[in-house]
Amino acid sequence: MDDAGPSAGGQGGAGHHHAAHTWAEARQVAYDSATPIPPGPVALRLALGRKLDRDIVALQDMPHYASSAMDGWVVNGSGPWIPVDPGVRLAPHQASPIATGGLIPPGGKAVLRTESAVLGRDDEGLPVLLTGGKARPGEPRAGEHIRKAGEEALEGDVLVQAGVELNPAHLALAALAGHDEVQVQGKPVVRLVLTGSEVVEQGRPAPGQVRDTFGPQLPDVVAMLGGIPGGRQRIGDSYAEWLAALEDVLPDVPDAPDLPADVVITTGGTGRSGTDHLRRAVAELGGRLIIDGVAMRPGHPAVLAELPDGRFVLGLPGNPLAAMMALSTVGGPLLAALGHGAMPPVQEVPCGTMIEPDPGRTRLMPFRLLYGMASPAQHTGPGMMRGLAAADGVLVVPPHGVQLGEPVPAFALPWGPPLSQPGDGAAKAKPRSNPRAGQPKAKPASGGPVDWSALLG
């Protein structure tokens with residue numbers, strides 16, 4: 001694989017160099033490269049949040065046997081009753097003790113609550129069960145405090161219809177119906193390969209070391225984007241470690257589902273230095289590059305490849321903000337397509353400042369919304385996270401720049417709410433009428449758009 005320059009779609013051989021994809025092209029290529037994962041059975045414990053592909057039906061009557069709704073005595077006929085051992089067939093005027101949920105024995109007609117029952121003696125000194133205590137007149141009536149078989153559903157009844165996103169109650173219902181697994185739409189399993197011998201996972205890093213910014217958040221972001229976190233492993237910077245990590249071998253990763261990965265996301269190693277081995281490892285495994293660089297910043301050296309076994313490899317830059325922008329640009333569309341989803345939306349927001357041109361590349365700028373205007377956040381270098389942590393979304397600034405007040409494309413953050421439509425903010429606020437006496441009148445609005453960026457501090 002030629003590392004001298006970006007390759008458009010990985011289609012060119014050695015010596016065929018092409019410009020990196022534009023931001024819009026990269027999104028579309030990533031989305032179009034994936035085929036939705038077919039539906040399949042999934043264990044109930046892994047089905048939360050998945051979209052149901054086949055109706056859940058009752059495999060038997062629910063409940064499948066008549067049971068007691070109370071602690072007390074199951075009786076046959078009217079009292080007084082002769083107590084007998086639990087579980088035996090009851091003849092008329094017999095009773096046996098029963099707990100809530102207990103199986104109603106043959107001959108059982110009703111349940112007398114514990115608080116309504118009194119044990120006494122007959123004329124011959126033999127035990128006898130009587131009503132008393134808190135018993136109501138006529139208690140127990142036929143069928144009282146008995147949960148009948150099939151009361152909730154009959155065998156074959158549809159309990160949850162296909163197309164529903166499964167919640168905990170759905171899963172409990174499926175278990176009650178006798179299911180161990182349910183048929184759901186496909187969803188990509190994503191394994192993480194975190195690289196860098198200089199990365200430390202705890203404490204304050206020494207000079208030359210950096211803290212792990214991916215481990216604490218990347219699995220959750222993957223889930224927000226529609227993937228199933230499939231475990232992670234950390235490797236060093238050697239080529240042998242890279243090659244082993246990308247081979248089709250399930251690593252022994254704690255808490256990972258026992259499922260093969262559909263996507264492997266790597267961090268770092270996408271540049272062209274002596275320790276950047278992603279492209280070489282993909283080539284040795286017989287894979288092809290789909291995206292080799294995107295004309296954007298930060299996140300330019302993003303790589304998307306496909307291996308012969310069908311797994312995708314998404315290479316993210318090592319700097320945290322650059323990685324998040326690459327993940328949003330390439331990973332979001334890829335995971336959406338694999339999981340039967342639509343392309344993540346992009347919409348326009350009015351820009352609260354002028355942004356100079358940067359010919360040839362798109363700039364992704366975290367921004368904050370102030371009075372309905374988007375102003376780029378500060379602290380947004382490729383290795384910084386402070387600006388993104390306080391952002392409402394990300395501006396997609398075209399190469400020719402943006403004028404003050406001009407609409408500019410933007411997308412929401414995976415963990416944030418959708419971007420509000422123009423006019424959703426102050427413009428829709430109800431005007432105040434009848435100001436209080438003595439209150440000064442508001443100053444008239446200026447005739448043009450306002451640059452709010454100075455307020456960000």
# chains A, B, ... in the order shown; residues from 1 in each chain; ligands from 1
>>> residues_around(residues="Val111 (chain A)", least_positions_apart="4", cutoff="12 Å", atoms="only C-alpha atoms", output="VMD selection string")
chain A and resid 66 to 78 94 to 105 107 115 to 117 131 135 139 to 147
>>> select_by_dssp(residues="region 171-301 of chain A", states="strand (DSSP E)", output="PDB file with N, CA and C atoms, in the first residue's frame")
ATOM      1  N   GLU A 181     -34.746 -15.591  23.725  1.00  0.00           N
ATOM      2  CA  GLU A 181     -34.176 -14.628  22.797  1.00  0.00           C
ATOM      3  C   GLU A 181     -35.281 -14.072  21.918  1.00  0.00           C
ATOM      4  N   VAL A 182     -34.986 -12.967  21.275  1.00  0.00           N
ATOM      5  CA  VAL A 182     -35.941 -12.318  20.376  1.00  0.00           C
ATOM      6  C   VAL A 182     -35.237 -11.996  19.071  1.00  0.00           C
ATOM      7  N   GLN A 183     -36.026 -11.881  18.003  1.00  0.00           N
ATOM      8  CA  GLN A 183     -35.480 -11.563  16.681  1.00  0.00           C
ATOM      9  C   GLN A 183     -35.474 -10.049  16.518  1.00  0.00           C
ATOM     10  N   VAL A 184     -34.291  -9.485  16.318  1.00  0.00           N
ATOM     11  CA  VAL A 184     -34.165  -8.030  16.222  1.00  0.00           C
ATOM     12  C   VAL A 184     -33.421  -7.655  14.951  1.00  0.00           C
ATOM     13  N   VAL A 189     -21.621  -4.625  16.006  1.00  0.00           N
ATOM     14  CA  VAL A 189     -20.765  -4.811  17.173  1.00  0.00           C
ATOM     15  C   VAL A 189     -19.425  -4.141  16.877  1.00  0.00           C
ATOM     16  N   VAL A 190     -18.993  -3.290  17.784  1.00  0.00           N
ATOM     17  CA  VAL A 190     -17.800  -2.472  17.561  1.00  0.00           C
ATOM     18  C   VAL A 190     -16.753  -2.809  18.614  1.00  0.00           C
ATOM     19  N   ARG A 191     -15.586  -3.224  18.151  1.00  0.00           N
ATOM     20  CA  ARG A 191     -14.460  -3.486  19.043  1.00  0.00           C
ATOM     21  C   ARG A 191     -13.467  -2.335  18.925  1.00  0.00           C
ATOM     22  N   LEU A 192     -12.898  -1.948  20.055  1.00  0.00           N
ATOM     23  CA  LEU A 192     -11.966  -0.823  20.096  1.00  0.00           C
ATOM     24  C   LEU A 192     -10.547  -1.328  20.276  1.00  0.00           C
ATOM     25  N   VAL A 193      -9.637  -0.769  19.494  1.00  0.00           N
ATOM     26  CA  VAL A 193      -8.208  -1.036  19.639  1.00  0.00           C
ATOM     27  C   VAL A 193      -7.549   0.304  19.946  1.00  0.00           C
ATOM     28  N   LEU A 194      -7.151   0.496  21.194  1.00  0.00           N
ATOM     29  CA  LEU A 194      -6.567   1.750  21.653  1.00  0.00           C
ATOM     30  C   LEU A 194      -5.056   1.598  21.651  1.00  0.00           C
ATOM     31  N   THR A 195      -4.369   2.543  21.031  1.00  0.00           N
ATOM     32  CA  THR A 195      -2.933   2.392  20.830  1.00  0.00           C
ATOM     33  C   THR A 195      -2.160   3.505  21.522  1.00  0.00           C
ATOM     34  N   VAL A 199       0.543   6.297  26.540  1.00  0.00           N
ATOM     35  CA  VAL A 199      -0.757   6.565  27.164  1.00  0.00           C
ATOM     36  C   VAL A 199      -0.820   5.900  28.538  1.00  0.00           C
ATOM     37  N   VAL A 200      -1.272   6.656  29.546  1.00  0.00           N
ATOM     38  CA  VAL A 200      -1.488   6.111  30.888  1.00  0.00           C
ATOM     39  C   VAL A 200      -2.968   6.229  31.218  1.00  0.00           C
ATOM     40  N   VAL A 210       0.657  10.872  28.184  1.00  0.00           N
ATOM     41  CA  VAL A 210      -0.658  11.511  28.055  1.00  0.00           C
ATOM     42  C   VAL A 210      -1.699  10.607  28.696  1.00  0.00           C
ATOM     43  N   ARG A 211      -2.767  11.218  29.214  1.00  0.00           N
ATOM     44  CA  ARG A 211      -3.853  10.441  29.789  1.00  0.00           C
ATOM     45  C   ARG A 211      -4.695   9.827  28.674  1.00  0.00           C
ATOM     46  N   ILE A 228     -22.896  -1.475  19.159  1.00  0.00           N
ATOM     47  CA  ILE A 228     -22.844  -2.266  20.382  1.00  0.00           C
ATOM     48  C   ILE A 228     -21.384  -2.364  20.799  1.00  0.00           C
ATOM     49  N   PRO A 229     -21.005  -1.758  21.921  1.00  0.00           N
ATOM     50  CA  PRO A 229     -19.606  -1.866  22.345  1.00  0.00           C
ATOM     51  C   PRO A 229     -19.227  -3.329  22.535  1.00  0.00           C
ATOM     52  N   GLY A 230     -18.176  -3.749  21.840  1.00  0.00           N
ATOM     53  CA  GLY A 230     -17.765  -5.144  21.858  1.00  0.00           C
ATOM     54  C   GLY A 230     -16.446  -5.364  22.540  1.00  0.00           C
ATOM     55  N   GLY A 231     -16.142  -4.556  23.530  1.00  0.00           N
ATOM     56  CA  GLY A 231     -14.882  -4.712  24.256  1.00  0.00           C
ATOM     57  C   GLY A 231     -13.764  -3.893  23.643  1.00  0.00           C
ATOM     58  N   ARG A 232     -12.680  -3.807  24.364  1.00  0.00           N
ATOM     59  CA  ARG A 232     -11.541  -3.016  23.907  1.00  0.00           C
ATOM     60  C   ARG A 232     -10.251  -3.666  24.353  1.00  0.00           C
ATOM     61  N   GLN A 233      -9.193  -3.370  23.642  1.00  0.00           N
ATOM     62  CA  GLN A 233      -7.871  -3.811  24.033  1.00  0.00           C
ATOM     63  C   GLN A 233      -6.883  -2.698  23.754  1.00  0.00           C
ATOM     64  N   ARG A 234      -5.830  -2.657  24.554  1.00  0.00           N
ATOM     65  CA  ARG A 234      -4.797  -1.641  24.370  1.00  0.00           C
ATOM     66  C   ARG A 234      -3.538  -2.313  23.856  1.00  0.00           C
ATOM     67  N   ILE A 235      -2.937  -1.710  22.845  1.00  0.00           N
ATOM     68  CA  ILE A 235      -1.699  -2.232  22.276  1.00  0.00           C
ATOM     69  C   ILE A 235      -0.660  -1.125  22.247  1.00  0.00           C
ATOM     70  N   VAL A 263     -17.256  -3.915  13.196  1.00  0.00           N
ATOM     71  CA  VAL A 263     -16.396  -2.751  12.993  1.00  0.00           C
ATOM     72  C   VAL A 263     -15.302  -2.782  14.050  1.00  0.00           C
ATOM     73  N   VAL A 264     -14.084  -2.490  13.636  1.00  0.00           N
ATOM     74  CA  VAL A 264     -12.977  -2.299  14.566  1.00  0.00           C
ATOM     75  C   VAL A 264     -12.574  -0.831  14.467  1.00  0.00           C
ATOM     76  N   ILE A 265     -12.628  -0.130  15.596  1.00  0.00           N
ATOM     77  CA  ILE A 265     -12.210   1.272  15.634  1.00  0.00           C
ATOM     78  C   ILE A 265     -10.854   1.341  16.311  1.00  0.00           C
ATOM     79  N   THR A 266      -9.891   1.935  15.626  1.00  0.00           N
ATOM     80  CA  THR A 266      -8.551   2.104  16.176  1.00  0.00           C
ATOM     81  C   THR A 266      -8.322   3.583  16.466  1.00  0.00           C
ATOM     82  N   THR A 267      -7.434   3.860  17.409  1.00  0.00           N
ATOM     83  CA  THR A 267      -7.077   5.239  17.732  1.00  0.00           C
ATOM     84  C   THR A 267      -5.583   5.412  17.505  1.00  0.00           C
ATOM     85  N   ARG A 288      -8.933  -3.383   1.771  1.00  0.00           N
ATOM     86  CA  ARG A 288      -8.921  -2.263   0.828  1.00  0.00           C
ATOM     87  C   ARG A 288      -9.264  -0.982   1.571  1.00  0.00           C
ATOM     88  N   LEU A 289      -8.656   0.101   1.159  1.00  0.00           N
ATOM     89  CA  LEU A 289      -8.974   1.404   1.726  1.00  0.00           C
ATOM     90  C   LEU A 289     -10.204   1.968   1.023  1.00  0.00           C
ATOM     91  N   ILE A 290     -11.151   2.425   1.799  1.00  0.00           N
ATOM     92  CA  ILE A 290     -12.346   3.078   1.268  1.00  0.00           C
ATOM     93  C   ILE A 290     -12.188   4.587   1.364  1.00  0.00           C
ATOM     94  N   ILE A 291     -11.710   5.049   2.494  1.00  0.00           N
ATOM     95  CA  ILE A 291     -11.414   6.469   2.696  1.00  0.00           C
ATOM     96  C   ILE A 291     -10.003   6.552   3.257  1.00  0.00           C
ATOM     97  N   ASP A 292      -9.173   7.358   2.623  1.00  0.00           N
ATOM     98  CA  ASP A 292      -7.804   7.545   3.100  1.00  0.00           C
ATOM     99  C   ASP A 292      -7.555   9.040   3.215  1.00  0.00           C
ATOM    100  N   MET A 296     -10.521  17.942   5.720  1.00  0.00           N
ATOM    101  CA  MET A 296     -11.148  18.667   6.822  1.00  0.00           C
ATOM    102  C   MET A 296     -10.118  18.832   7.930  1.00  0.00           C
ATOM    103  N   ARG A 297     -10.426  19.690   8.850  1.00  0.00           N
ATOM    104  CA  ARG A 297      -9.624  19.779  10.057  1.00  0.00           C
ATOM    105  C   ARG A 297     -10.531  20.192  11.213  1.00  0.00           C
TER     106      ARG A 297
END
>>> closest_residue(among="A:Tyr65, A:Leu119, A:Leu112, A:Asn167", to="Ala149 (chain A)", atoms="only C-alpha atoms")
A:Tyr65
>>> select_by_dssp(residues="region 132-305 of chain A", states="helix (DSSP H, G or I)", output="NGL selection string")
:A and (168-176 or 218-224 or 239-246 or 278-284)
>>> closest_residue(among="A:Asp237, A:Gly318, A:Pro359, A:Ala245", to="Gly271 (chain A)", atoms="only C-alpha atoms")
A:Gly318
>>> atom_distance(atom1="CA of Leu370 (chain A)", atom2="CA of Leu327 (chain A)")
26.2 Å
>>> residues_around(residues="region 403-407 of chain A", least_positions_apart="6", cutoff="7 Å", atoms="only C-alpha atoms", output="ChimeraX atom specification")
/A:348-355,449
>>> write_last_selection(atoms="C-alpha atoms", output="PDB file, in the first residue's frame")
ATOM      1  CA  GLU A 348     -28.210  25.087   9.084  1.00  0.00           C
ATOM      2  CA  VAL A 349     -27.738  27.538  11.936  1.00  0.00           C
ATOM      3  CA  PRO A 350     -27.008  31.271  11.664  1.00  0.00           C
ATOM      4  CA  CYS A 351     -23.369  32.065  12.349  1.00  0.00           C
ATOM      5  CA  GLY A 352     -22.628  34.666  15.015  1.00  0.00           C
ATOM      6  CA  THR A 353     -19.240  35.690  13.622  1.00  0.00           C
ATOM      7  CA  MET A 354     -17.285  35.926  10.402  1.00  0.00           C
ATOM      8  CA  ILE A 355     -15.003  32.962   9.632  1.00  0.00           C
ATOM      9  CA  PRO A 449     -26.499  40.704  13.007  1.00  0.00           C
TER      10      PRO A 449
END
>>> residues_around(residues="His340 (chain A)", least_positions_apart="4", cutoff="10 Å", atoms="only C-alpha atoms", output="PyMOL selection string")
chain A and resi 34-39+51+185-188+226+335-336
>>> atom_distance(atom1="CA of Val164 (chain A)", atom2="CA of Leu59 (chain A)")
19.3 Å
>>> residues_around(residues="Val158 (chain A)", least_positions_apart="2", cutoff="12 Å", atoms="only C-alpha atoms", output="PyMOL selection string")
chain A and resi 54-62+152-156+160-162+173-174+177
>>> write_last_selection(atoms="N, CA and C atoms", output="CSV table (one decimal), in the first residue's frame")
chain,number,residue,atom,x,y,z
A,54,ARG,N,-39.4,-9.3,14.6
A,54,ARG,CA,-40.5,-10.3,14.5
A,54,ARG,C,-41.3,-10.2,15.7
A,55,ASP,N,-42.7,-10.3,15.6
A,55,ASP,CA,-43.6,-10.2,16.7
A,55,ASP,C,-43.2,-11.1,17.8
A,56,ILE,N,-43.3,-10.7,19.1
A,56,ILE,CA,-43.2,-11.5,20.2
A,56,ILE,C,-44.6,-12.1,20.5
A,57,VAL,N,-44.7,-13.4,20.5
A,57,VAL,CA,-46.0,-14.0,20.8
A,57,VAL,C,-45.9,-14.9,22.0
A,58,ALA,N,-47.0,-15.2,22.7
A,58,ALA,CA,-47.0,-16.0,23.8
A,58,ALA,C,-46.8,-17.5,23.4
A,59,LEU,N,-45.8,-18.1,24.0
A,59,LEU,CA,-45.5,-19.5,23.6
A,59,LEU,C,-46.4,-20.4,24.4
A,60,GLN,N,-47.1,-19.9,25.4
A,60,GLN,CA,-48.1,-20.7,26.2
A,60,GLN,C,-49.0,-19.7,26.9
A,61,ASP,N,-50.1,-20.2,27.5
A,61,ASP,CA,-51.0,-19.3,28.2
A,61,ASP,C,-50.2,-18.6,29.3
A,62,MET,N,-50.6,-17.3,29.5
A,62,MET,CA,-50.0,-16.5,30.5
A,62,MET,C,-51.1,-16.0,31.5
A,152,GLU,N,-53.7,-13.3,31.3
A,152,GLU,CA,-53.0,-12.2,30.6
A,152,GLU,C,-53.0,-12.4,29.1
A,153,ALA,N,-52.8,-13.6,28.7
A,153,ALA,CA,-52.7,-13.9,27.3
A,153,ALA,C,-52.9,-15.4,27.0
A,154,LEU,N,-53.4,-15.7,25.9
A,154,LEU,CA,-53.5,-17.1,25.5
A,154,LEU,C,-52.3,-17.4,24.5
A,155,GLU,N,-52.0,-18.7,24.4
A,155,GLU,CA,-50.9,-19.1,23.6
A,155,GLU,C,-51.2,-18.6,22.1
A,156,GLY,N,-50.1,-18.0,21.6
A,156,GLY,CA,-50.2,-17.5,20.2
A,156,GLY,C,-50.6,-16.0,20.1
A,160,VAL,N,-45.9,-8.1,21.6
A,160,VAL,CA,-45.2,-6.9,21.1
A,160,VAL,C,-45.1,-7.0,19.6
A,161,GLN,N,-45.4,-6.0,18.9
A,161,GLN,CA,-45.4,-6.0,17.5
A,161,GLN,C,-44.0,-5.6,16.9
A,162,ALA,N,-43.6,-6.2,15.8
A,162,ALA,CA,-42.4,-5.9,15.2
A,162,ALA,C,-42.3,-4.4,14.9
A,173,LEU,N,-41.7,-9.0,29.6
A,173,LEU,CA,-42.9,-9.7,29.0
A,173,LEU,C,-42.5,-10.8,28.1
A,174,ALA,N,-41.4,-10.7,27.3
A,174,ALA,CA,-40.9,-11.8,26.5
A,174,ALA,C,-40.5,-12.9,27.4
A,177,ALA,N,-43.4,-14.8,28.5
A,177,ALA,CA,-44.0,-15.5,27.4
A,177,ALA,C,-43.3,-16.7,27.1
